[in-house]
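One file, my_file31.txt, is given below (compact mmCIF, C-alpha atoms (C1' of nucleotides)).
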# COMPACT_ATOMS: atom_id res chain seq x y z
CA MET Y 1219 22.73 -14.77 -22.40
CA LYS Y 1220 25.27 -13.70 -19.81
CA THR Y 1221 24.50 -14.02 -16.13
CA THR Y 1222 24.94 -10.33 -15.47
CA ASP Y 1223 22.61 -9.37 -18.31
CA THR Y 1224 19.74 -11.48 -16.99
CA ARG Y 1225 20.41 -10.37 -13.44
CA LEU Y 1226 20.28 -6.75 -14.53
CA LYS Y 1227 17.11 -7.24 -16.53
CA ILE Y 1228 15.45 -8.86 -13.52
CA LEU Y 1229 16.53 -6.03 -11.21
CA ASP Y 1230 15.43 -3.34 -13.67
CA THR Y 1231 12.07 -4.97 -14.21
CA ALA Y 1232 11.46 -5.67 -10.53
CA GLN Y 1233 12.32 -2.08 -9.67
CA GLU Y 1234 9.90 -0.67 -12.22
CA LEU Y 1235 7.15 -3.01 -11.06
CA ILE Y 1236 7.65 -2.10 -7.42
CA GLN Y 1237 7.78 1.63 -8.14
CA LYS Y 1238 4.49 1.24 -9.95
CA LEU Y 1239 2.58 -1.45 -8.02
CA GLY Y 1240 4.41 -1.92 -4.74
CA VAL Y 1241 6.21 -4.91 -3.26
CA ASN Y 1242 3.12 -6.88 -2.34
CA ALA Y 1243 1.36 -6.45 -5.68
CA MET Y 1244 4.42 -7.50 -7.66
CA SER Y 1245 5.09 -11.18 -8.25
CA TYR Y 1246 7.81 -13.38 -9.70
CA ALA Y 1247 5.28 -14.27 -12.41
CA ASP Y 1248 5.07 -10.57 -13.39
CA ILE Y 1249 8.85 -10.29 -13.68
CA SER Y 1250 8.94 -13.57 -15.57
CA THR Y 1251 6.51 -12.32 -18.20
CA ALA Y 1252 8.18 -8.92 -18.58
CA VAL Y 1253 11.73 -10.29 -18.86
CA GLY Y 1254 10.76 -13.29 -20.98
CA ILE Y 1255 12.30 -15.84 -18.68
CA ARG Y 1256 10.83 -18.58 -16.47
CA LYS Y 1257 9.97 -18.04 -12.81
CA ALA Y 1258 12.47 -20.73 -11.76
CA SER Y 1259 15.27 -18.81 -13.48
CA ILE Y 1260 14.50 -15.75 -11.38
CA HIS Y 1261 14.69 -17.93 -8.27
CA TYR Y 1262 18.12 -19.08 -9.48
CA HIS Y 1263 19.40 -15.48 -9.34
CA PHE Y 1264 17.33 -14.38 -6.34
CA PRO Y 1265 16.25 -17.41 -4.28
CA SER Y 1266 13.62 -15.49 -2.30
CA LYS Y 1267 11.71 -12.24 -2.72
CA GLU Y 1268 13.57 -10.90 0.31
CA ASP Y 1269 16.89 -11.57 -1.48
CA LEU Y 1270 15.61 -9.68 -4.50
CA LEU Y 1271 14.53 -6.70 -2.42
CA VAL Y 1272 17.84 -6.55 -0.57
CA SER Y 1273 19.78 -6.64 -3.87
CA LEU Y 1274 17.50 -3.98 -5.28
CA LEU Y 1275 18.19 -1.61 -2.40
CA GLU Y 1276 21.90 -2.40 -2.40
CA ARG Y 1277 21.96 -1.20 -5.98
CA TYR Y 1278 19.47 1.68 -5.74
CA THR Y 1279 20.81 3.48 -2.68
CA PRO Y 1280 24.45 3.95 -3.79
CA SER Y 1281 23.40 4.76 -7.34
CA PHE Y 1282 20.99 7.43 -6.10
CA PHE Y 1283 23.64 8.94 -3.82
CA ARG Y 1284 26.17 8.96 -6.64
CA LEU Y 1285 23.77 11.26 -8.46
CA VAL Y 1286 23.13 13.38 -5.38
CA ASP Y 1287 26.82 13.66 -4.53
CA SER Y 1288 27.73 14.68 -8.05
CA ILE Y 1289 25.22 17.50 -7.64
CA LEU Y 1290 26.61 18.48 -4.24
CA GLU Y 1291 30.20 18.42 -5.48
CA SER Y 1292 29.48 20.59 -8.50
CA SER Y 1293 30.49 24.25 -8.39
CA GLU Y 1294 26.98 25.62 -8.80
CA SER Y 1295 25.04 27.75 -6.36
CA ALA Y 1296 23.09 26.02 -3.59
CA GLU Y 1297 19.86 27.09 -5.26
CA ILE Y 1298 20.73 25.33 -8.52
CA LYS Y 1299 21.88 22.30 -6.55
CA LEU Y 1300 18.59 22.10 -4.67
CA ARG Y 1301 16.71 22.46 -7.94
CA ARG Y 1302 18.67 19.58 -9.42
CA TYR Y 1303 18.11 17.49 -6.28
CA CYS Y 1304 14.34 18.03 -6.55
CA GLY Y 1305 14.73 17.27 -10.25
CA LEU Y 1306 15.82 13.72 -9.40
CA PHE Y 1307 12.44 13.11 -7.78
CA GLU Y 1308 10.56 14.85 -10.56
CA ALA Y 1309 12.39 12.69 -13.12
CA THR Y 1310 11.04 9.53 -11.45
CA LEU Y 1311 7.50 10.88 -11.58
CA SER Y 1312 7.78 12.15 -15.17
CA SER Y 1313 9.40 9.02 -16.60
CA GLY Y 1314 7.45 6.48 -18.64
CA GLU Y 1315 3.74 6.65 -18.11
CA GLN Y 1316 3.99 8.87 -15.03
CA ASP Y 1317 3.12 5.89 -12.89
CA LYS Y 1318 6.22 5.46 -10.72
CA VAL Y 1319 7.31 6.84 -7.36
CA CYS Y 1320 10.57 6.63 -5.41
CA LEU Y 1321 11.52 2.98 -4.80
CA CYS Y 1322 12.22 3.65 -1.13
CA GLY Y 1323 9.06 5.69 -0.71
CA MET Y 1324 7.03 2.78 -2.03
CA ILE Y 1325 8.84 0.17 0.05
CA GLY Y 1326 8.59 2.57 3.00
CA ALA Y 1327 4.80 2.52 2.71
CA GLU Y 1328 4.85 -1.29 2.94
CA VAL Y 1329 7.44 -1.41 5.70
CA LYS Y 1330 5.19 -3.22 8.19
CA THR Y 1331 5.01 -6.25 5.86
CA LEU Y 1332 8.81 -6.51 5.52
CA SER Y 1333 11.79 -7.79 7.50
CA SER Y 1334 13.69 -5.62 9.94
CA SER Y 1335 16.83 -5.72 7.78
CA LEU Y 1336 14.87 -4.17 4.92
CA THR Y 1337 13.48 -1.57 7.31
CA LYS Y 1338 17.06 -0.69 8.23
CA GLN Y 1339 17.98 -0.25 4.57
CA ILE Y 1340 15.05 2.12 4.05
CA THR Y 1341 15.84 4.05 7.24
CA HIS Y 1342 19.41 4.43 6.00
CA PHE Y 1343 18.23 5.81 2.66
CA PHE Y 1344 16.03 8.38 4.39
CA GLN Y 1345 18.72 9.47 6.87
CA GLU Y 1346 21.39 9.87 4.21
CA ASN Y 1347 19.05 12.09 2.22
CA GLU Y 1348 18.47 14.28 5.26
CA ILE Y 1349 22.23 14.54 5.84
CA ARG Y 1350 22.87 15.66 2.27
CA LEU Y 1351 19.98 18.14 2.34
CA THR Y 1352 21.33 19.60 5.56
CA LYS Y 1353 24.71 20.11 3.88
CA LEU Y 1354 23.06 21.73 0.90
CA LEU Y 1355 20.98 24.09 3.04
CA THR Y 1356 23.98 25.04 5.16
CA GLN Y 1357 25.91 25.92 2.02
CA GLY Y 1358 22.98 28.01 0.81
CA LYS Y 1359 22.74 29.90 4.07
CA ASP Y 1360 26.50 30.54 4.05
CA GLU Y 1361 26.31 31.76 0.45
CA GLY Y 1362 23.41 34.00 1.39
CA VAL Y 1363 21.06 32.50 -1.22
CA PHE Y 1364 18.90 30.67 1.35
CA SER Y 1365 17.25 32.22 4.34
CA PHE Y 1366 14.67 30.65 6.62
CA SER Y 1367 13.97 30.49 10.33
CA GLY Y 1368 14.24 27.30 12.34
CA GLU Y 1369 16.85 24.57 12.44
CA THR Y 1370 18.57 23.53 9.23
CA GLU Y 1371 18.20 19.82 10.13
CA ALA Y 1372 14.46 20.27 10.64
CA MET Y 1373 14.22 22.05 7.30
CA ALA Y 1374 16.04 19.16 5.63
CA LYS Y 1375 13.55 16.69 7.12
CA LEU Y 1376 10.69 18.88 5.95
CA ILE Y 1377 11.97 19.08 2.38
CA PHE Y 1378 12.52 15.34 2.13
CA SER Y 1379 9.09 14.45 3.46
CA LEU Y 1380 7.52 16.97 1.14
CA LEU Y 1381 9.22 15.41 -1.89
CA GLU Y 1382 8.28 11.84 -0.97
CA GLY Y 1383 4.72 12.94 -0.19
CA GLU Y 1384 4.37 14.94 -3.39
CA LEU Y 1385 5.50 11.98 -5.47
CA LEU Y 1386 2.60 9.91 -4.13
CA ILE Y 1387 0.04 12.71 -4.32
CA ALA Y 1388 0.97 14.06 -7.75
CA ARG Y 1389 0.82 10.52 -9.15
CA VAL Y 1390 -2.69 10.00 -7.78
CA HIS Y 1391 -3.71 13.29 -9.42
CA GLY Y 1392 -1.93 12.17 -12.60
CA ASP Y 1393 -0.44 15.66 -12.66
CA VAL Y 1394 3.29 16.39 -12.75
CA THR Y 1395 2.48 20.09 -12.52
CA HIS Y 1396 1.20 19.54 -8.99
CA PHE Y 1397 4.72 18.44 -8.09
CA LYS Y 1398 6.33 21.40 -9.83
CA VAL Y 1399 4.03 23.86 -8.07
CA VAL Y 1400 5.03 22.55 -4.66
CA VAL Y 1401 8.74 22.65 -5.52
CA GLU Y 1402 8.38 26.26 -6.65
CA GLN Y 1403 6.60 27.07 -3.40
CA LEU Y 1404 9.48 25.47 -1.52
CA PHE Y 1405 11.87 27.88 -3.22
CA GLN Y 1406 9.65 30.79 -2.22
CA LEU Y 1407 10.11 29.67 1.38
CA VAL Y 1408 13.87 29.15 1.42
CA LYS Y 1409 15.04 31.92 -0.91
CA ALA Y 1410 16.78 34.88 0.72
CA MET S 954 -25.33 -9.94 16.72
CA LYS S 955 -26.88 -7.07 14.80
CA THR S 956 -25.97 -6.47 11.17
CA THR S 957 -24.64 -3.00 11.83
CA ASP S 958 -22.39 -4.20 14.65
CA THR S 959 -20.67 -6.79 12.47
CA ARG S 960 -20.45 -4.42 9.55
CA LEU S 961 -18.79 -1.83 11.76
CA LYS S 962 -16.36 -4.32 13.22
CA ILE S 963 -15.37 -5.43 9.73
CA LEU S 964 -14.86 -1.84 8.57
CA ASP S 965 -12.88 -0.90 11.68
CA THR S 966 -10.65 -3.96 11.38
CA ALA S 967 -10.12 -3.61 7.63
CA GLN S 968 -9.19 0.04 8.08
CA GLU S 969 -6.61 -0.73 10.75
CA LEU S 970 -5.13 -3.54 8.66
CA ILE S 971 -4.87 -1.35 5.57
CA GLN S 972 -3.37 1.56 7.50
CA LYS S 973 -0.76 -0.84 8.80
CA LEU S 974 -0.13 -3.31 5.95
CA GLY S 975 -1.69 -1.80 2.86
CA VAL S 976 -4.53 -2.97 0.63
CA ASN S 977 -2.58 -5.71 -1.14
CA ALA S 978 -1.10 -7.24 2.00
CA MET S 979 -4.46 -7.40 3.76
CA SER S 980 -6.76 -10.36 3.17
CA TYR S 981 -10.29 -11.39 4.05
CA ALA S 982 -8.69 -14.14 6.14
CA ASP S 983 -6.89 -11.49 8.23
CA ILE S 984 -10.15 -9.63 8.88
CA SER S 985 -11.89 -12.93 9.61
CA THR S 986 -9.37 -13.85 12.32
CA ALA S 987 -9.36 -10.39 13.90
CA VAL S 988 -13.15 -10.03 14.00
CA GLY S 989 -13.84 -13.65 14.97
CA ILE S 990 -16.18 -14.33 12.10
CA ARG S 991 -15.93 -16.56 9.01
CA LYS S 992 -14.61 -15.30 5.68
CA ALA S 993 -17.93 -16.04 3.98
CA SER S 994 -19.69 -13.74 6.43
CA ILE S 995 -17.45 -10.88 5.37
CA HIS S 996 -18.35 -11.59 1.75
CA TYR S 997 -22.01 -11.39 2.77
CA HIS S 998 -21.51 -7.79 3.94
CA PHE S 999 -18.93 -6.82 1.31
CA PRO S 1000 -19.16 -9.14 -1.72
CA SER S 1001 -15.80 -8.08 -3.17
CA LYS S 1002 -12.67 -6.38 -1.88
CA GLU S 1003 -13.48 -3.43 -4.12
CA ASP S 1004 -16.87 -3.09 -2.38
CA LEU S 1005 -15.13 -3.09 0.97
CA LEU S 1006 -12.65 -0.41 -0.09
CA VAL S 1007 -15.38 1.81 -1.51
CA SER S 1008 -17.41 1.52 1.72
CA LEU S 1009 -14.30 2.24 3.74
CA LEU S 1010 -13.60 5.47 1.87
CA GLU S 1011 -17.27 6.49 1.90
CA ARG S 1012 -17.05 6.33 5.68
CA TYR S 1013 -13.52 7.67 6.21
CA THR S 1014 -13.65 10.78 4.03
CA PRO S 1015 -16.74 12.46 5.52
CA SER S 1016 -15.75 11.49 9.04
CA PHE S 1017 -12.31 13.03 8.56
CA PHE S 1018 -13.79 16.23 7.13
CA ARG S 1019 -16.27 16.45 9.98
CA LEU S 1020 -13.24 16.68 12.27
CA VAL S 1021 -11.46 19.16 10.01
CA ASP S 1022 -14.54 21.34 9.61
CA SER S 1023 -15.18 21.43 13.33
CA ILE S 1024 -11.65 22.78 13.67
CA LEU S 1025 -12.15 25.34 10.89
CA GLU S 1026 -15.48 26.49 12.33
CA SER S 1027 -14.10 26.99 15.83
CA SER S 1028 -13.33 30.50 17.02
CA GLU S 1029 -9.65 29.95 17.56
CA SER S 1030 -6.74 31.62 15.82
CA ALA S 1031 -5.57 30.22 12.49
CA GLU S 1032 -2.36 29.10 14.16
CA ILE S 1033 -4.20 26.97 16.69
CA LYS S 1034 -6.42 25.62 13.94
CA LEU S 1035 -3.43 24.58 11.84
CA ARG S 1036 -1.87 22.95 14.89
CA ARG S 1037 -5.04 20.97 15.48
CA TYR S 1038 -5.21 20.01 11.81
CA CYS S 1039 -1.66 18.65 11.93
CA GLY S 1040 -2.63 16.99 15.20
CA LEU S 1041 -5.14 14.83 13.31
CA PHE S 1042 -2.29 13.31 11.31
CA GLU S 1043 -0.05 12.98 14.35
CA ALA S 1044 -2.86 11.19 16.18
CA THR S 1045 -2.95 8.51 13.48
CA LEU S 1046 0.78 7.99 13.75
CA SER S 1047 0.82 7.98 17.56
CA SER S 1048 -2.14 5.65 18.01
CA GLY S 1049 -1.73 2.01 18.94
CA GLU S 1050 1.69 0.62 18.21
CA GLN S 1051 2.69 3.60 16.06
CA ASP S 1052 2.32 1.43 12.98
CA LYS S 1053 -0.44 3.19 11.06
CA VAL S 1054 -0.52 5.93 8.44
CA CYS S 1055 -3.35 7.87 6.79
CA LEU S 1056 -5.79 5.47 5.10
CA CYS S 1057 -5.82 7.56 1.93
CA GLY S 1058 -2.05 7.95 1.94
CA MET S 1059 -1.68 4.19 2.07
CA ILE S 1060 -4.29 3.52 -0.61
CA GLY S 1061 -2.74 6.37 -2.62
CA ALA S 1062 0.57 4.52 -2.66
CA GLU S 1063 -1.17 1.46 -4.11
CA VAL S 1064 -3.29 3.44 -6.54
CA LYS S 1065 -1.91 1.74 -9.66
CA THR S 1066 -3.31 -1.60 -8.49
CA LEU S 1067 -6.82 -0.23 -7.95
CA SER S 1068 -9.90 0.70 -10.00
CA SER S 1069 -10.41 4.17 -11.41
CA SER S 1070 -13.41 4.79 -9.18
CA LEU S 1071 -11.21 4.26 -6.13
CA THR S 1072 -8.61 6.57 -7.63
CA LYS S 1073 -11.33 9.22 -7.91
CA GLN S 1074 -12.23 8.79 -4.25
CA ILE S 1075 -8.60 9.27 -3.22
CA THR S 1076 -8.17 12.28 -5.51
CA HIS S 1077 -11.26 13.80 -3.94
CA PHE S 1078 -9.86 13.31 -0.43
CA PHE S 1079 -6.61 15.02 -1.40
CA GLN S 1080 -8.31 17.93 -3.15
CA GLU S 1081 -10.72 18.61 -0.30
CA ASN S 1082 -7.79 18.75 2.11
CA GLU S 1083 -6.05 21.30 -0.08
CA ILE S 1084 -9.22 23.40 -0.23
CA ARG S 1085 -9.56 23.44 3.54
CA LEU S 1086 -5.89 24.22 4.07
CA THR S 1087 -6.17 27.10 1.62
CA LYS S 1088 -9.08 28.51 3.64
CA LEU S 1089 -7.13 28.14 6.85
CA LEU S 1090 -4.03 29.83 5.44
CA THR S 1091 -6.10 32.67 4.00
CA GLN S 1092 -7.68 33.26 7.41
CA GLY S 1093 -4.21 33.27 8.99
CA LYS S 1094 -2.89 35.81 6.52
CA ASP S 1095 -5.93 38.01 7.07
CA GLU S 1096 -5.51 37.77 10.83
CA GLY S 1097 -1.84 38.60 10.45
CA VAL S 1098 -0.64 35.47 12.23
CA PHE S 1099 0.65 33.81 9.04
CA SER S 1100 3.08 35.33 6.58
CA PHE S 1101 4.84 33.60 3.70
CA SER S 1102 5.68 34.37 0.11
CA GLY S 1103 4.15 32.51 -2.83
CA GLU S 1104 0.60 31.47 -3.59
CA THR S 1105 -1.66 30.34 -0.77
CA GLU S 1106 -2.91 27.37 -2.86
CA ALA S 1107 0.66 26.22 -3.49
CA MET S 1108 1.40 26.50 0.22
CA ALA S 1109 -1.66 24.37 0.98
CA LYS S 1110 -0.44 21.68 -1.42
CA LEU S 1111 3.00 21.83 0.15
CA ILE S 1112 1.66 21.39 3.68
CA PHE S 1113 -0.53 18.47 2.74
CA SER S 1114 2.22 16.60 0.90
CA LEU S 1115 4.56 17.23 3.79
CA LEU S 1116 2.09 15.72 6.27
CA GLU S 1117 1.39 12.64 4.15
CA GLY S 1118 5.11 12.18 3.49
CA GLU S 1119 6.07 12.62 7.13
CA LEU S 1120 3.56 9.99 8.21
CA LEU S 1121 5.31 7.41 6.02
CA ILE S 1122 8.82 8.51 6.92
CA ALA S 1123 8.34 8.93 10.66
CA ARG S 1124 6.78 5.46 10.81
CA VAL S 1125 9.77 3.89 9.07
CA HIS S 1126 12.02 5.61 11.61
CA GLY S 1127 9.68 4.46 14.38
CA ASP S 1128 9.93 8.00 15.70
CA VAL S 1129 6.92 10.25 16.33
CA THR S 1130 9.35 13.04 17.28
CA HIS S 1131 10.51 13.17 13.66
CA PHE S 1132 6.95 14.14 12.73
CA LYS S 1133 6.73 16.76 15.48
CA VAL S 1134 10.02 18.34 14.45
CA VAL S 1135 8.83 18.81 10.89
CA VAL S 1136 5.51 20.30 12.03
CA GLU S 1137 7.37 22.77 14.25
CA GLN S 1138 9.57 23.70 11.31
CA LEU S 1139 6.44 24.29 9.25
CA PHE S 1140 5.28 26.80 11.84
CA GLN S 1141 8.64 28.55 11.68
CA LEU S 1142 8.02 29.01 7.96
CA VAL S 1143 4.46 30.28 8.07
CA LYS S 1144 4.48 32.35 11.24
CA ALA S 1145 4.41 36.10 10.80
C1' DT P 1198 -52.95 -16.10 19.86
C1' DA P 1199 -50.71 -19.76 17.45
C1' DT P 1200 -48.64 -21.16 13.36
C1' DT P 1201 -46.48 -20.85 9.25
C1' DT P 1202 -43.58 -18.50 6.12
C1' DT P 1203 -40.00 -15.45 4.80
C1' DC P 1204 -35.88 -13.02 5.62
C1' DT P 1205 -31.32 -12.32 7.67
C1' DA P 1206 -26.87 -13.40 9.07
C1' DT P 1207 -24.12 -16.75 9.87
C1' DC P 1208 -21.90 -21.19 9.06
C1' DT P 1209 -19.21 -25.36 6.59
C1' DA P 1210 -17.29 -26.80 2.58
C1' DC P 1211 -15.71 -25.92 -1.60
C1' DT P 1212 -13.52 -23.91 -6.12
C1' DA P 1213 -10.07 -22.00 -9.30
C1' DG P 1214 -6.25 -19.55 -9.67
C1' DA P 1215 -2.13 -17.19 -8.03
C1' DA P 1216 1.54 -16.94 -4.76
C1' DG P 1217 6.45 -18.20 -3.42
C1' DG P 1218 9.38 -21.81 -3.84
C1' DT P 1219 11.78 -26.61 -5.11
C1' DA P 1220 13.61 -30.84 -7.74
C1' DG P 1221 15.78 -32.38 -11.22
C1' DA P 1222 16.64 -32.71 -16.37
C1' DC P 1223 19.22 -30.62 -20.09
C1' DG P 1224 22.20 -28.06 -23.27
C1' DA P 1225 26.06 -25.04 -23.82
C1' DA P 1226 30.30 -23.33 -22.55
C1' DA P 1227 34.70 -23.36 -19.83
C1' DT W 1053 33.82 -33.22 -17.43
C1' DT W 1054 32.29 -29.96 -14.52
C1' DT W 1055 29.94 -25.73 -13.91
C1' DC W 1056 26.29 -22.49 -15.15
C1' DG W 1057 21.93 -20.87 -16.49
C1' DT W 1058 17.78 -22.18 -18.05
C1' DC W 1059 14.01 -25.17 -18.48
C1' DT W 1060 9.63 -28.27 -17.26
C1' DA W 1061 7.00 -29.96 -13.81
C1' DC W 1062 5.55 -29.84 -9.51
C1' DC W 1063 4.34 -28.60 -4.36
C1' DT W 1064 2.11 -26.06 -0.68
C1' DT W 1065 -0.14 -22.29 0.92
C1' DC W 1066 -2.87 -18.48 0.35
C1' DT W 1067 -6.18 -15.73 -2.34
C1' DA W 1068 -10.89 -13.94 -3.52
C1' DG W 1069 -15.03 -15.68 -4.15
C1' DT W 1070 -19.32 -19.20 -4.27
C1' DA W 1071 -22.99 -22.73 -3.02
C1' DG W 1072 -25.89 -24.24 -0.08
C1' DA W 1073 -27.31 -25.62 4.73
C1' DT W 1074 -29.04 -23.79 9.09
C1' DA W 1075 -30.76 -21.27 13.03
C1' DG W 1076 -33.16 -17.53 14.74
C1' DA W 1077 -35.88 -13.37 14.19
C1' DA W 1078 -39.55 -10.99 11.95
C1' DA W 1079 -43.66 -10.82 9.45
C1' DA W 1080 -47.75 -12.68 7.52
C1' DT W 1081 -51.60 -15.62 7.98
C1' DA W 1082 -55.11 -18.85 10.19

As structure tokens, please, write out the structure in this file.
Amino acid sequence: MKTTDTRLKILDTAQELIQKLGVNAMSYADISTAVGIRKASIHYHFPSKEDLLVSLLERYTPSFFRLVDSILESSESAEIKLRRYCGLFEATLSSGEQDKVCLCGMIGAEVKTLSSSLTKQITHFFQENEIRLTKLLTQGKDEGVFSFSGETEAMAKLIFSLLEGELLIARVHGDVTHFKVVVEQLFQLVKA
Amino acid sequence: MKTTDTRLKILDTAQELIQKLGVNAMSYADISTAVGIRKASIHYHFPSKEDLLVSLLERYTPSFFRLVDSILESSESAEIKLRRYCGLFEATLSSGEQDKVCLCGMIGAEVKTLSSSLTKQITHFFQENEIRLTKLLTQGKDEGVFSFSGETEAMAKLIFSLLEGELLIARVHGDVTHFKVVVEQLFQLVKA
DNA sequence: TATTTTCTATCTACTAGAAGGTAGACGAAA
DNA sequence: TTTCGTCTACCTTCTAGTAGATAGAAAATA
């Protein structure tokens, strides 16, 4: 098997396991079993768990923002764009056995057990989301489809925290509808 | 030392450790060191980790709702009550070294590594919060101090997810202000 | 009251298994 | 013939959890 194939399989599997169980409940042995490769081979590709986490975030963050930016750059209304943005989070929750949350949300919860360089990567992910949401909201206000009082930046922060929080809560309830209800309520609040 | 004293110390320490590090990153050895007692003594009071978690939630949930209910039963305006409710979450974040989140938020993130009876306890905590927020919002609408479109129940869900999410996010940023900004924005949205 | 017994909470010492990680052999491909 | 990716075998440390000794307090008995 090619290097890149194994590497990818390891990253995919590790990501799924972390989104489901968290960093500290996931082990090299788990990945080993799921991928069908020996633990030592995983250490060949990712010498330490920290290396694996860094690589995971270096892949996840740009790939997530490619999706977000393709939404932002489309020619749709700000309302549709925001719906599609929220849809990215809902897709994570709905996928598979409805047992996964945002990778960065999960790692964010465990931040106090991780290195400062990982903390920086998570902070960066959060900030970039707020920046893009601010853009989106500004566009919506300019178009006249969004209307709400307060600062646009504060609203962006609020929306992002609500989405990350809902992912956790809806999963505990085992109820994707819970997520959808909150997103609909969000639209009630921002719609002009 | 009296039984109850040691038991309390163990519970207090375990709670702090979980709020900071999470269930899976906290060990009996950690508690042992912090309390100044041997591991075996902790197992005497709480035979298994599951027992400890159950006891922790059986203490945390009613004690949290005692605080919430004392706010709800006060004679203040709904706005003040909501501020004080949000203040409970902010207090957790602000306390100590600003490294703790809601116990149930943290355990909620790790829910897929835990027993179904613990999942039920977390679900219950979330639902009871939504019920109380719904009451509070209804009072505010009746008083005329709150005004927002959409269902009151959906708004309650939205507020709770936003608070749990903000706790995680603001901690990663190491910035209590981030939390305060979002709470202020919430008031912009609900105020009449 | 004095003594014995039982109970309680702690301790030391241990187990088995899982964790992250390493050394070095080996086969295939470049 | 060197490099690459995988393997087996192993190490150390940590994990939850157990067995059994012990000291002191409480309760029962003489």

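Across Y:Leu1226, Y:Ala1374, Y:Ala1309, Y:Val1319, the tightest approach to Gln1345 in chain Y is made by Y:Ala1374 when counting only C-alpha atoms.
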
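For chain Y, the residues close to chain W, meaning within 12 Å and counting all atoms listed in the file, are Y:Met1219, Y:Lys1220, Y:Thr1221, Y:Thr1222, Y:Asp1223, Y:Thr1224, Y:Arg1225, Y:Gly1254, Y:Ile1255, Y:Arg1256, Y:Lys1257, Y:Ala1258, Y:Ser1259, Y:Ile1260, Y:His1261, Y:Tyr1262, Y:His1263.
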
Keeping only C-alpha atoms, write those residues as a short mmCIF file (atom, residue, chain, number, x, y, z; two decimals), in the coordinates of the input.
data_model
loop_
_atom_site.label_atom_id
_atom_site.label_comp_id
_atom_site.auth_asym_id
_atom_site.auth_seq_id
_atom_site.Cartn_x
_atom_site.Cartn_y
_atom_site.Cartn_z
CA MET Y 1219 22.73 -14.77 -22.40
CA LYS Y 1220 25.27 -13.70 -19.81
CA THR Y 1221 24.50 -14.02 -16.13
CA THR Y 1222 24.94 -10.33 -15.47
CA ASP Y 1223 22.61 -9.37 -18.31
CA THR Y 1224 19.74 -11.48 -16.99
CA ARG Y 1225 20.41 -10.37 -13.44
CA GLY Y 1254 10.76 -13.29 -20.98
CA ILE Y 1255 12.30 -15.84 -18.68
CA ARG Y 1256 10.83 -18.58 -16.47
CA LYS Y 1257 9.97 -18.04 -12.81
CA ALA Y 1258 12.47 -20.73 -11.76
CA SER Y 1259 15.27 -18.81 -13.48
CA ILE Y 1260 14.50 -15.75 -11.38
CA HIS Y 1261 14.69 -17.93 -8.27
CA TYR Y 1262 18.12 -19.08 -9.48
CA HIS Y 1263 19.40 -15.48 -9.34
#

Range 962-1075 of chain S near range 1119-1140 of chain S within 7 Å: what's each residue's closest atom pair and its distance in Å to one decimal, counting only C-alpha atoms, ordered by chain then ascending residue number, as a Markdown table?
| residue | atom | partner | partner_atom | distance |
| --- | --- | --- | --- | --- |
| S:Leu1046 | CA | S:Leu1120 | CA | 6.5 |
| S:Ser1047 | CA | S:Val1129 | CA | 6.6 |
| S:Gln1051 | CA | S:Arg1124 | CA | 6.9 |
| S:Asp1052 | CA | S:Arg1124 | CA | 6.4 |
| S:Val1054 | CA | S:Leu1120 | CA | 5.8 |

Original post:
For chain S, which residue out of Y:His1342, Y:Arg1301, Y:Arg1277, Y:Lys1267 is the nearest one, using all atoms listed in the file?
Top reply: Y:His1342

**OP:** Give me the residues within 7 Å of Lys1318 in chain Y as a list in words, counting only C-alpha atoms (C1' of nucleotides) and dropping any in the same chain fewer than 3 places off.
**Re:** Gln1237, Lys1238, Thr1310 and Leu1311 of chain Y

**OP:** Report as a ChimeraX atom specification the set of chain Y residues whose atoms approach chain S to within 8 Å, with distances computed over only C-alpha atoms.
**Re:** /Y:1238-1240,1242-1243,1317,1323-1324,1326-1331,1337,1340-1341,1344,1366-1369,1372-1373,1375-1377,1379-1384,1386-1387,1390-1391,1399-1400,1403-1404,1406-1407

**OP:** For each of P:DA1225, P:DC1208, P:DA1199, P:DA1213, take the minimum atom-to-atom distance to chain S, counting all atoms listed in the file, then give the residue where this is smallest.
**Re:** P:DC1208

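All of the residues in chain P within 9 Å of chain S are DT1205, DA1206, DT1207 and DC1208 of chain P, where all atoms listed in the file were counted.
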
Can you rebuild range 1026-1031 of chain S with N, CA and C atoms and give it as an mmCIF file, in the frame of the given file?
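Heads up, here's the output in selection25.cif:
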data_model
loop_
_atom_site.group_PDB
_atom_site.id
_atom_site.type_symbol
_atom_site.label_atom_id
_atom_site.label_comp_id
_atom_site.auth_asym_id
_atom_site.auth_seq_id
_atom_site.Cartn_x
_atom_site.Cartn_y
_atom_site.Cartn_z
ATOM 1 N N GLU S 1026 -14.349 25.680 11.884
ATOM 2 C CA GLU S 1026 -15.480 26.490 12.330
ATOM 3 C C GLU S 1026 -15.329 27.007 13.771
ATOM 4 N N SER S 1027 -14.309 26.523 14.462
ATOM 5 C CA SER S 1027 -14.100 26.990 15.830
ATOM 6 C C SER S 1027 -13.646 28.450 15.814
ATOM 7 N N SER S 1028 -13.627 29.060 16.982
ATOM 8 C CA SER S 1028 -13.330 30.500 17.020
ATOM 9 C C SER S 1028 -11.876 30.767 17.395
ATOM 10 N N GLU S 1029 -11.051 29.754 17.192
ATOM 11 C CA GLU S 1029 -9.650 29.950 17.560
ATOM 12 C C GLU S 1029 -8.852 30.660 16.469
ATOM 13 N N SER S 1030 -7.615 30.981 16.798
ATOM 14 C CA SER S 1030 -6.740 31.620 15.820
ATOM 15 C C SER S 1030 -6.354 30.607 14.757
ATOM 16 N N ALA S 1031 -5.966 31.103 13.587
ATOM 17 C CA ALA S 1031 -5.570 30.220 12.490
ATOM 18 C C ALA S 1031 -4.387 29.345 12.891
#
